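Below: the structure, in structure tokens.
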Amino acid sequence: MTFLVHDPRGGTVAVAPPLARRPGSLAGLTLGVLDNGKEQADVILGRAADLLAREGVTPVFARKPSFSRVAPREVLEQLKACDIVITGLGG
Amino acid sequence: MSCCMRDAVELEASGKPTTIVVNDVFTPIAHATAALLALPADYVERNIVWLPHPTSNLSRAAVTALVDERIGLIRDALLGRLAPAATAATSGAGGDALALARDTVAGLAGSLRADGAELVLLDFGDGVLAGELRIGDLTCDDGSCIMPADSLAKMIEALVRPKVPALREVRLRETGNARG
């Protein structure tokens with residue numbers, strides 16, 4: 001038998017989360033690209049990745065199965081292996 | 001949009017600078033989510049690059065051109081050099097708490113309306129802000145384009161409390177069409 005336990009906290013955080021320290025330049029960095037699957041997101045983020053690649057970043061692409069959910073753990077772990085990330089959606 | 005920001009916050013917390021590129025129709029949601037997540041006041045201005053809405057009906061060439069025009073902003077955001085734009089001072093409003101709350105969530109209500117739901121704040125008394133989330137003809141089949149009323153209430157609370165310190169709780173009742 002399987003029990004599903006729903007966390008009533010809903011992901012709300014009570015304190016300001018830490019923000020990452022920014023790099024001095026983009027050259028040589030790995031760029032995670034998180035596509036949420038909305039229309040044109042792949043075009044928008046793909047173009048941005050192409051342009052940033054000209055400045056020396058290496059893009060790594062990932063896609064969320066649903067724009068209305070947070071990214072699955074395995075997708076976030078893939079992006080955490082990168083140096084910087086861009087994400088977004090169309091609409 | 002709120003899920004996109006939650007992803008970004010998790011990545012930031014793990015030391016990965018994260019820039020969001022998104023349509024400007026989501027500006028109210030971005031500010032509301034930032035308030036809910038207790039992000040710095042200038043988080044939205046420093047980490048989100050806006051595209052004019054809509055983009056879904058544009059040609060590939062037109063969308064590409066929009067990105068080309070903003071690549072400098074995306075680069076600056078990744079490097080922490082995106083300066084917040086000067087923002088207009090918010091009006092003092094001065095009126096009663098309910099009017100102030102309505103004014104504060106006006107942008108958020110507009111975003112919800114675009115997806116087929118109407119946010120109506122009805123009453124403020126004894127620290128409780130009461131309202132309804134009236135579900136109409138949603139733009140999504142499964143109802144997921146409108147966040148649950150309890151989550152929305154938390155977001156409204158985070159947005160309104162700085163302006164209405166007496167606010168203790170937001171109670172939002174969902175009415176109208178069934179979701180999904």
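Identifiers for the structure tokens are assigned positionally: chains receive A, B, ... in sequence, residues are indexed from 1 per chain, and ligands are indexed from 1 in the order shown.
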
Quiz prompt | Residues of chain B within 8 Å of chain A, counting only C-alpha atoms, as a PyMOL selection string | solution = chain B and resi 1+3-4+6-9+11-23+36-40+53-56+60+63-64+67-68+71+75+78-80+144-145+151

Quiz prompt | 10 Å contact set for region 163-176 of chain B, only C-alpha atoms, chain neighbours under 5 positions out, as a ChimeraX atom specification | solution = /B:92-93,96-98,100-101,104,117-137,148-158

Output of the above residues as a tab-separated table (two decimals), in the first residue's frame, restricted to N, CA and C atoms:
chain	number	residue	atom	x	y	z
B	92	GLY	N	0.35	57.72	-2.25
B	92	GLY	CA	0.09	57.51	-0.84
B	92	GLY	C	-1.23	56.81	-0.60
B	93	ALA	N	-2.10	56.89	-1.56
B	93	ALA	CA	-3.43	56.30	-1.48
B	93	ALA	C	-4.21	56.84	-0.27
B	96	ASP	N	-8.95	54.07	2.88
B	96	ASP	CA	-9.12	52.97	3.83
B	96	ASP	C	-8.34	51.75	3.38
B	97	ALA	N	-8.21	50.81	4.32
B	97	ALA	CA	-7.38	49.63	4.08
B	97	ALA	C	-7.87	48.81	2.89
B	98	LEU	N	-9.19	48.69	2.75
B	98	LEU	CA	-9.71	47.89	1.64
B	98	LEU	C	-9.35	48.52	0.31
B	100	LEU	N	-6.86	50.47	-0.29
B	100	LEU	CA	-5.41	50.34	-0.46
B	100	LEU	C	-5.05	48.92	-0.90
B	101	ALA	N	-5.72	47.94	-0.31
B	101	ALA	CA	-5.47	46.55	-0.69
B	101	ALA	C	-5.88	46.31	-2.14
B	104	THR	N	-3.35	47.76	-4.37
B	104	THR	CA	-2.11	47.00	-4.35
B	104	THR	C	-2.17	45.75	-5.23
B	117	ALA	N	-9.96	34.39	-14.55
B	117	ALA	CA	-10.47	34.42	-13.17
B	117	ALA	C	-10.54	35.87	-12.68
B	118	GLU	N	-11.49	36.11	-11.82
B	118	GLU	CA	-11.68	37.47	-11.30
B	118	GLU	C	-11.38	37.47	-9.80
B	119	LEU	N	-10.44	38.32	-9.41
B	119	LEU	CA	-10.11	38.47	-7.99
B	119	LEU	C	-10.87	39.68	-7.45
B	120	VAL	N	-11.70	39.44	-6.46
B	120	VAL	CA	-12.52	40.52	-5.89
B	120	VAL	C	-12.29	40.58	-4.39
B	121	LEU	N	-11.78	41.70	-3.91
B	121	LEU	CA	-11.63	41.89	-2.47
B	121	LEU	C	-12.89	42.56	-1.96
B	122	LEU	N	-13.52	41.94	-0.98
B	122	LEU	CA	-14.86	42.36	-0.57
B	122	LEU	C	-14.89	43.14	0.73
B	123	ASP	N	-14.01	42.80	1.66
B	123	ASP	CA	-14.17	43.39	2.99
B	123	ASP	C	-12.85	43.34	3.75
B	124	PHE	N	-12.64	44.33	4.60
B	124	PHE	CA	-11.52	44.30	5.53
B	124	PHE	C	-12.03	44.66	6.91
B	125	GLY	N	-11.80	43.76	7.86
B	125	GLY	CA	-12.25	44.03	9.22
B	125	GLY	C	-11.53	43.14	10.20
B	126	ASP	N	-11.17	43.70	11.34
B	126	ASP	CA	-10.49	42.95	12.40
B	126	ASP	C	-9.23	42.26	11.87
B	127	GLY	N	-8.55	42.93	10.96
B	127	GLY	CA	-7.29	42.40	10.44
B	127	GLY	C	-7.45	41.36	9.35
B	128	VAL	N	-8.68	41.06	8.98
B	128	VAL	CA	-8.92	40.02	7.98
B	128	VAL	C	-9.39	40.65	6.67
B	129	LEU	N	-8.66	40.35	5.62
B	129	LEU	CA	-9.05	40.80	4.28
B	129	LEU	C	-9.75	39.63	3.60
B	130	ALA	N	-11.01	39.83	3.24
B	130	ALA	CA	-11.80	38.75	2.66
B	130	ALA	C	-12.11	39.04	1.20
B	131	GLY	N	-12.09	37.98	0.42
B	131	GLY	CA	-12.38	38.17	-1.00
B	131	GLY	C	-12.79	36.87	-1.66
B	132	GLU	N	-13.03	36.99	-2.95
B	132	GLU	CA	-13.41	35.82	-3.74
B	132	GLU	C	-12.52	35.71	-4.97
B	133	LEU	N	-12.23	34.47	-5.32
B	133	LEU	CA	-11.58	34.17	-6.58
B	133	LEU	C	-12.63	33.51	-7.45
B	134	ARG	N	-13.16	34.28	-8.37
B	134	ARG	CA	-14.27	33.79	-9.19
B	134	ARG	C	-13.72	33.17	-10.48
B	135	ILE	N	-13.86	31.87	-10.56
B	135	ILE	CA	-13.34	31.13	-11.71
B	135	ILE	C	-14.33	31.22	-12.87
B	136	GLY	N	-13.86	31.74	-14.00
B	136	GLY	CA	-14.70	31.83	-15.19
B	136	GLY	C	-14.25	30.84	-16.24
B	137	ASP	N	-14.21	31.26	-17.47
B	137	ASP	CA	-13.73	30.40	-18.55
B	137	ASP	C	-12.21	30.52	-18.61
B	148	PRO	N	-3.99	27.94	-6.77
B	148	PRO	CA	-5.04	27.67	-5.79
B	148	PRO	C	-5.32	28.88	-4.91
B	149	ALA	N	-6.56	28.99	-4.45
B	149	ALA	CA	-6.97	30.17	-3.67
B	149	ALA	C	-6.12	30.34	-2.42
B	150	ASP	N	-5.75	29.24	-1.77
B	150	ASP	CA	-4.97	29.38	-0.53
B	150	ASP	C	-3.57	29.93	-0.81
B	151	SER	N	-2.98	29.50	-1.91
B	151	SER	CA	-1.66	30.02	-2.28
B	151	SER	C	-1.76	31.49	-2.68
B	152	LEU	N	-2.83	31.80	-3.40
B	152	LEU	CA	-3.04	33.18	-3.82
B	152	LEU	C	-3.25	34.09	-2.61
B	153	ALA	N	-3.94	33.57	-1.62
B	153	ALA	CA	-4.16	34.35	-0.40
B	153	ALA	C	-2.84	34.70	0.27
B	154	LYS	N	-1.92	33.74	0.30
B	154	LYS	CA	-0.60	34.00	0.90
B	154	LYS	C	0.14	35.08	0.11
B	155	MET	N	0.01	35.00	-1.21
B	155	MET	CA	0.67	35.98	-2.06
B	155	MET	C	0.10	37.37	-1.82
B	156	ILE	N	-1.21	37.47	-1.73
B	156	ILE	CA	-1.87	38.76	-1.48
B	156	ILE	C	-1.45	39.30	-0.11
B	157	GLU	N	-1.37	38.41	0.85
B	157	GLU	CA	-0.95	38.82	2.20
B	157	GLU	C	0.45	39.44	2.16
B	158	ALA	N	1.35	38.80	1.42
B	158	ALA	CA	2.73	39.31	1.33
B	158	ALA	C	2.77	40.66	0.62

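For region 28-61 of chain A, backbone-based DSSP labels the following residues as strand (DSSP E): Thr30, Leu31, Gly32, Val33, Leu34, Asp35, Thr58, Pro59, Val60 and Phe61 of chain A.
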
Exercise. Can you work out the spacing between CA of Val105 (chain B) and CA of Glu10 (chain B) in Å, to one decimal?
Key: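 About the pair CA of Val105 (chain B) and CA of Glu10 (chain B): they are 25.8 Å apart.
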
Practice problem: Tell me, as a PyMOL selection string, which residues lie within 8 Å of region 28-31 of chain B, counting only C-alpha atoms; anything in the same chain fewer than 5 positions away does not count. | Solution: chain B and resi 1-2+5+44+107-108+111

Could the residues in this selection be written to a file with C-alpha atoms, as a PDB file, in the first residue's frame?
ATOM      1  CA  MET B   1       5.673  32.668 -13.702  1.00  0.00           C
ATOM      2  CA  SER B   2       5.692  31.927  -9.981  1.00  0.00           C
ATOM      3  CA  MET B   5      10.771  32.207 -10.018  1.00  0.00           C
ATOM      4  CA  VAL B  44      12.657  41.708 -10.007  1.00  0.00           C
ATOM      5  CA  GLY B 107      -1.924  44.360 -11.306  1.00  0.00           C
ATOM      6  CA  LEU B 108      -2.218  40.837  -9.966  1.00  0.00           C
ATOM      7  CA  SER B 111      -3.035  38.972 -14.705  1.00  0.00           C
TER       8      SER B 111
END

Self-check item: Surrounding residues of Gly28 (chain A) excluding itself and chain neighbours under 5 positions, 8 Å, only C-alpha atoms, as a PyMOL selection string
Solution: chain A and resi 56-58

Can I get the selected residues back with N, CA and C atoms, as a CSV table (one decimal), in the first residue's frame?
chain,number,residue,atom,x,y,z
A,56,GLY,N,31.6,33.0,-25.2
A,56,GLY,CA,32.4,32.0,-24.5
A,56,GLY,C,31.7,31.1,-23.6
A,57,VAL,N,30.4,31.1,-23.5
A,57,VAL,CA,29.7,30.2,-22.6
A,57,VAL,C,29.4,28.9,-23.3
A,58,THR,N,29.2,27.8,-22.6
A,58,THR,CA,28.8,26.6,-23.2
A,58,THR,C,27.4,26.2,-22.7

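Coordinates place CA of Pro162 (chain B) at a distance of 11.8 Å from CA of Ala41 (chain B).
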
Quiz prompt | chain A: residues DSSP assigns to alpha helix (DSSP H), reported as a list in words | solution =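 Selecting the alpha helix (DSSP H) positions of chain A gives Ala41, Asp42, Val43, Ile44, Leu45, Gly46, Arg47, Ala48, Ala49, Asp50, Leu51, Leu52, Ala53, Arg73, Glu74, Val75, Leu76, Glu77, Gln78, Leu79 and Lys80 of chain A.
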
Quiz item: What is the distance, in Å and to one decimal place, between CA of Leu82 (chain B) and CA of Pro59 (chain A)?
Solution: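 Value for the CA of Leu82 (chain B)-CA of Pro59 (chain A) distance: 21.4 Å.
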